[in-house]
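Undergrad: File input-v2.cif follows (mmCIF, C-alpha atoms; chains and numbers go by the auth columns):
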```cif
data_run
#
loop_
_atom_site.group_PDB
_atom_site.id
_atom_site.type_symbol
_atom_site.label_atom_id
_atom_site.label_comp_id
_atom_site.label_asym_id
_atom_site.label_seq_id
_atom_site.Cartn_x
_atom_site.Cartn_y
_atom_site.Cartn_z
_atom_site.B_iso_or_equiv
_atom_site.auth_seq_id
_atom_site.auth_asym_id
ATOM 1 C CA MET A 1 98.087 -21.315 36.702 0.00 467 A
ATOM 2 C CA ASN A 2 94.687 -21.605 38.363 0.00 468 A
ATOM 3 C CA PRO A 3 94.084 -24.675 40.532 0.00 469 A
ATOM 4 C CA ILE A 4 92.231 -27.769 39.399 0.00 470 A
ATOM 5 C CA ALA A 5 89.134 -28.607 41.418 0.00 471 A
ATOM 6 C CA ILE A 6 87.982 -32.164 41.971 0.00 472 A
ATOM 7 C CA PHE A 7 84.404 -32.415 43.180 0.00 473 A
ATOM 8 C CA TYR A 8 82.986 -35.688 44.436 0.00 474 A
ATOM 9 C CA ALA A 9 79.793 -37.188 45.850 0.00 475 A
ATOM 10 C CA THR A 10 79.877 -40.574 47.542 0.00 476 A
ATOM 11 C CA ARG A 11 77.801 -42.846 49.745 0.00 477 A
ATOM 12 C CA GLU A 12 80.305 -45.490 50.784 0.00 478 A
ATOM 13 C CA GLY A 13 83.546 -43.516 50.490 0.00 479 A
ATOM 14 C CA GLN A 14 85.067 -45.172 47.429 0.00 480 A
ATOM 15 C CA THR A 15 84.522 -42.145 45.174 0.00 481 A
ATOM 16 C CA GLN A 16 86.188 -39.927 47.783 0.00 482 A
ATOM 17 C CA ARG A 17 89.229 -42.207 47.806 0.00 483 A
ATOM 18 C CA ILE A 18 89.391 -42.100 44.018 0.00 484 A
ATOM 19 C CA ALA A 19 89.051 -38.293 43.947 0.00 485 A
ATOM 20 C CA GLU A 20 91.811 -37.914 46.543 0.00 486 A
ATOM 21 C CA HIS A 21 94.055 -40.316 44.632 0.00 487 A
ATOM 22 C CA VAL A 22 93.566 -38.374 41.383 0.00 488 A
ATOM 23 C CA GLY A 23 94.333 -35.177 43.305 0.00 489 A
ATOM 24 C CA THR A 24 97.528 -36.677 44.693 0.00 490 A
ATOM 25 C CA MET A 25 98.638 -37.808 41.231 0.00 491 A
ATOM 26 C CA LEU A 26 97.944 -34.399 39.677 0.00 492 A
ATOM 27 C CA HIS A 27 99.792 -32.682 42.529 0.00 493 A
ATOM 28 C CA ALA A 28 102.771 -35.002 41.959 0.00 494 A
ATOM 29 C CA HIS A 29 102.848 -33.728 38.365 0.00 495 A
ATOM 30 C CA GLY A 30 103.062 -30.107 39.513 0.00 496 A
ATOM 31 C CA PHE A 31 99.417 -29.048 39.553 0.00 497 A
ATOM 32 C CA THR A 32 97.692 -27.218 42.371 0.00 498 A
ATOM 33 C CA VAL A 33 94.628 -29.258 43.282 0.00 499 A
ATOM 34 C CA GLU A 34 91.683 -28.841 45.628 0.00 500 A
ATOM 35 C CA VAL A 35 89.388 -31.787 46.403 0.00 501 A
ATOM 36 C CA HIS A 36 85.839 -30.951 47.561 0.00 502 A
ATOM 37 C CA ASP A 37 82.878 -32.968 48.795 0.00 503 A
ATOM 38 C CA VAL A 38 79.903 -31.278 47.101 0.00 504 A
ATOM 39 C CA ARG A 39 77.764 -31.854 50.213 0.00 505 A
ATOM 40 C CA ALA A 40 80.096 -29.593 52.226 0.00 506 A
ATOM 41 C CA LEU A 41 80.207 -26.632 49.821 0.00 507 A
ATOM 42 C CA PRO A 42 78.522 -23.384 50.884 0.00 508 A
ATOM 43 C CA PRO A 43 75.717 -22.104 48.616 0.00 509 A
ATOM 44 C CA SER A 44 77.891 -19.157 47.556 0.00 510 A
ATOM 45 C CA PHE A 45 80.707 -21.404 46.274 0.00 511 A
ATOM 46 C CA SER A 46 81.981 -20.333 42.841 0.00 512 A
ATOM 47 C CA LEU A 47 83.940 -22.184 40.174 0.00 513 A
ATOM 48 C CA MET A 48 85.436 -18.983 38.752 0.00 514 A
ATOM 49 C CA ARG A 49 88.870 -19.344 40.380 0.00 515 A
ATOM 50 C CA TYR A 50 89.569 -22.770 38.876 0.00 516 A
ATOM 51 C CA GLY A 51 91.298 -23.527 35.604 0.00 517 A
ATOM 52 C CA ALA A 52 89.652 -26.935 35.337 0.00 518 A
ATOM 53 C CA ALA A 53 87.139 -29.073 37.178 0.00 519 A
ATOM 54 C CA ILE A 54 86.752 -32.819 37.519 0.00 520 A
ATOM 55 C CA VAL A 55 83.539 -34.322 38.869 0.00 521 A
ATOM 56 C CA ALA A 56 83.132 -37.804 40.286 0.00 522 A
ATOM 57 C CA ALA A 57 80.003 -39.415 41.664 0.00 523 A
ATOM 58 C CA SER A 58 79.037 -42.937 42.475 0.00 524 A
ATOM 59 C CA VAL A 59 76.019 -44.531 40.824 0.00 525 A
ATOM 60 C CA HIS A 60 73.343 -46.370 42.790 0.00 526 A
ATOM 61 C CA GLY A 61 70.268 -47.865 41.214 0.00 527 A
ATOM 62 C CA GLY A 62 71.275 -46.422 37.853 0.00 528 A
ATOM 63 C CA HIS A 63 71.446 -42.839 39.133 0.00 529 A
ATOM 64 C CA HIS A 64 74.282 -40.532 40.130 0.00 530 A
ATOM 65 C CA GLU A 65 74.327 -39.123 43.640 0.00 531 A
ATOM 66 C CA PRO A 66 71.558 -36.492 43.865 0.00 532 A
ATOM 67 C CA GLU A 67 73.854 -33.888 45.426 0.00 533 A
ATOM 68 C CA MET A 68 76.199 -34.126 42.427 0.00 534 A
ATOM 69 C CA VAL A 69 73.297 -33.770 40.007 0.00 535 A
ATOM 70 C CA ASP A 70 72.161 -30.660 41.920 0.00 536 A
ATOM 71 C CA PHE A 71 75.719 -29.279 41.989 0.00 537 A
ATOM 72 C CA ALA A 72 76.083 -29.684 38.224 0.00 538 A
ATOM 73 C CA LYS A 73 72.677 -28.171 37.487 0.00 539 A
ATOM 74 C CA GLN A 74 73.264 -25.166 39.749 0.00 540 A
ATOM 75 C CA ARG A 75 76.719 -24.364 38.390 0.00 541 A
ATOM 76 C CA HIS A 76 76.607 -25.269 34.725 0.00 542 A
ATOM 77 C CA LEU A 77 76.760 -21.581 33.750 0.00 543 A
ATOM 78 C CA ASP A 78 79.530 -20.472 36.187 0.00 544 A
#
```
As structure tokens, how would this structure be written, given the file I've shared?

TA:
Amino acid sequence: MNPIAIFYATREGQTQRIAEHVGTMLHAHGFTVEVHDVRALPPSFSLMRYGAAIVAASVHGGHHEPEMVDFAKQRHLD
């Protein structure tokens, strides 16, 4: 089974903690999980090796984190 990717964008760290917690819970149920900060991904990063993806981003001033919006826009056809 291909791994599950959890991608997050955060300003204050809470979304990272949530993403890591979800990853830990999925791993405890037998899934292979990778948790990634979208700000740290190289431009060549591909979603093709994953069986599923979860995205999490905090909202400030009614808007999601800009790096998550960019990540989703750039990879929506992967």

Undergrad: What does the structure give for the distance between atom CA of A:Phe473 and atom CA of A:Val521, in Å to one decimal?

TA: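 Between atom CA of A:Phe473 and atom CA of A:Val521 the gap works out to 4.8 Å.
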
Undergrad: Is there a way to get, as a VMD selection string, all residues within 12 Å of the point (77.1, -38.8, 39.7) in file coordinates, counting only C-alpha atoms?

TA: chain A and resid 473 to 477 481 504 520 to 539

Undergrad: Suppose you want the space between atom CA of A:Glu500 and atom CA of A:Ala485; what is it in Å?

TA: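 Pair atom CA of A:Glu500 / atom CA of A:Ala485 returns 10.0 Å.
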
Undergrad: Just give me the gap between atom CA of A:Phe497 and atom CA of A:Arg515 in Å, one decimal is fine.

TA: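 The value is 14.4 Å.
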
Undergrad: Box for stretch 475-482 of chain A - axis-aligned, 5 Å on each of the six sides, all listed atoms - centre and size in Å to one decimal, as lines of an AutoDock Vina configuration file.

TA:
```
center_x = 82.0
center_y = -41.3
center_z = 48.0
size_x = 18.4
size_y = 18.3
size_z = 15.6
```

Undergrad: When the PyMOL selection byres ((chain A and resi 469) around 9) is applied to the structure above, which residues does it catch, written out as a list in words?

TA: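 That selection, the PyMOL selection byres ((chain A and resi 469) around 9), comes back as Met467, Asn468, Ile470, Ala471, Phe497, Thr498, Val499, Glu500, Arg515, Tyr516, Gly517, Ala518 and Ala519 of chain A.
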
Undergrad: Using the selection just defined, write its residues with C-alpha atoms as an mmCIF file, in the frame of the given file.

TA:
```
data_model
loop_
_atom_site.group_PDB
_atom_site.id
_atom_site.type_symbol
_atom_site.label_atom_id
_atom_site.label_comp_id
_atom_site.auth_asym_id
_atom_site.auth_seq_id
_atom_site.Cartn_x
_atom_site.Cartn_y
_atom_site.Cartn_z
ATOM 1 C CA MET A 467 98.087 -21.315 36.702
ATOM 2 C CA ASN A 468 94.687 -21.605 38.363
ATOM 3 C CA ILE A 470 92.231 -27.769 39.399
ATOM 4 C CA ALA A 471 89.134 -28.607 41.418
ATOM 5 C CA PHE A 497 99.417 -29.048 39.553
ATOM 6 C CA THR A 498 97.692 -27.218 42.371
ATOM 7 C CA VAL A 499 94.628 -29.258 43.282
ATOM 8 C CA GLU A 500 91.683 -28.841 45.628
ATOM 9 C CA ARG A 515 88.870 -19.344 40.380
ATOM 10 C CA TYR A 516 89.569 -22.770 38.876
ATOM 11 C CA GLY A 517 91.298 -23.527 35.604
ATOM 12 C CA ALA A 518 89.652 -26.935 35.337
ATOM 13 C CA ALA A 519 87.139 -29.073 37.178
#
```

Undergrad: Which one of A:Ile472, A:Ala506, A:His542, A:Met514 sits closest to A:Leu492 if you count all atoms listed in the file?

TA: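 Residue with the minimum atom-to-atom distance to A:Leu492: A:Ile472.
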
Undergrad: Between A:Thr490, A:Gln540, A:Arg483, A:Gly496, which is the closest to A:Phe511 once you count only C-alpha atoms?

TA: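 Going through A:Thr490, A:Gln540, A:Arg483, A:Gly496 one by one, the smallest distance to A:Phe511 is for A:Gln540.
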
Undergrad: Ranking A:Arg541, A:Val501, A:His495, A:Glu486 by minimum distance to A:Leu513 and counting only C-alpha atoms, which one comes first?

TA: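 The closest residue to A:Leu513 is A:Arg541.
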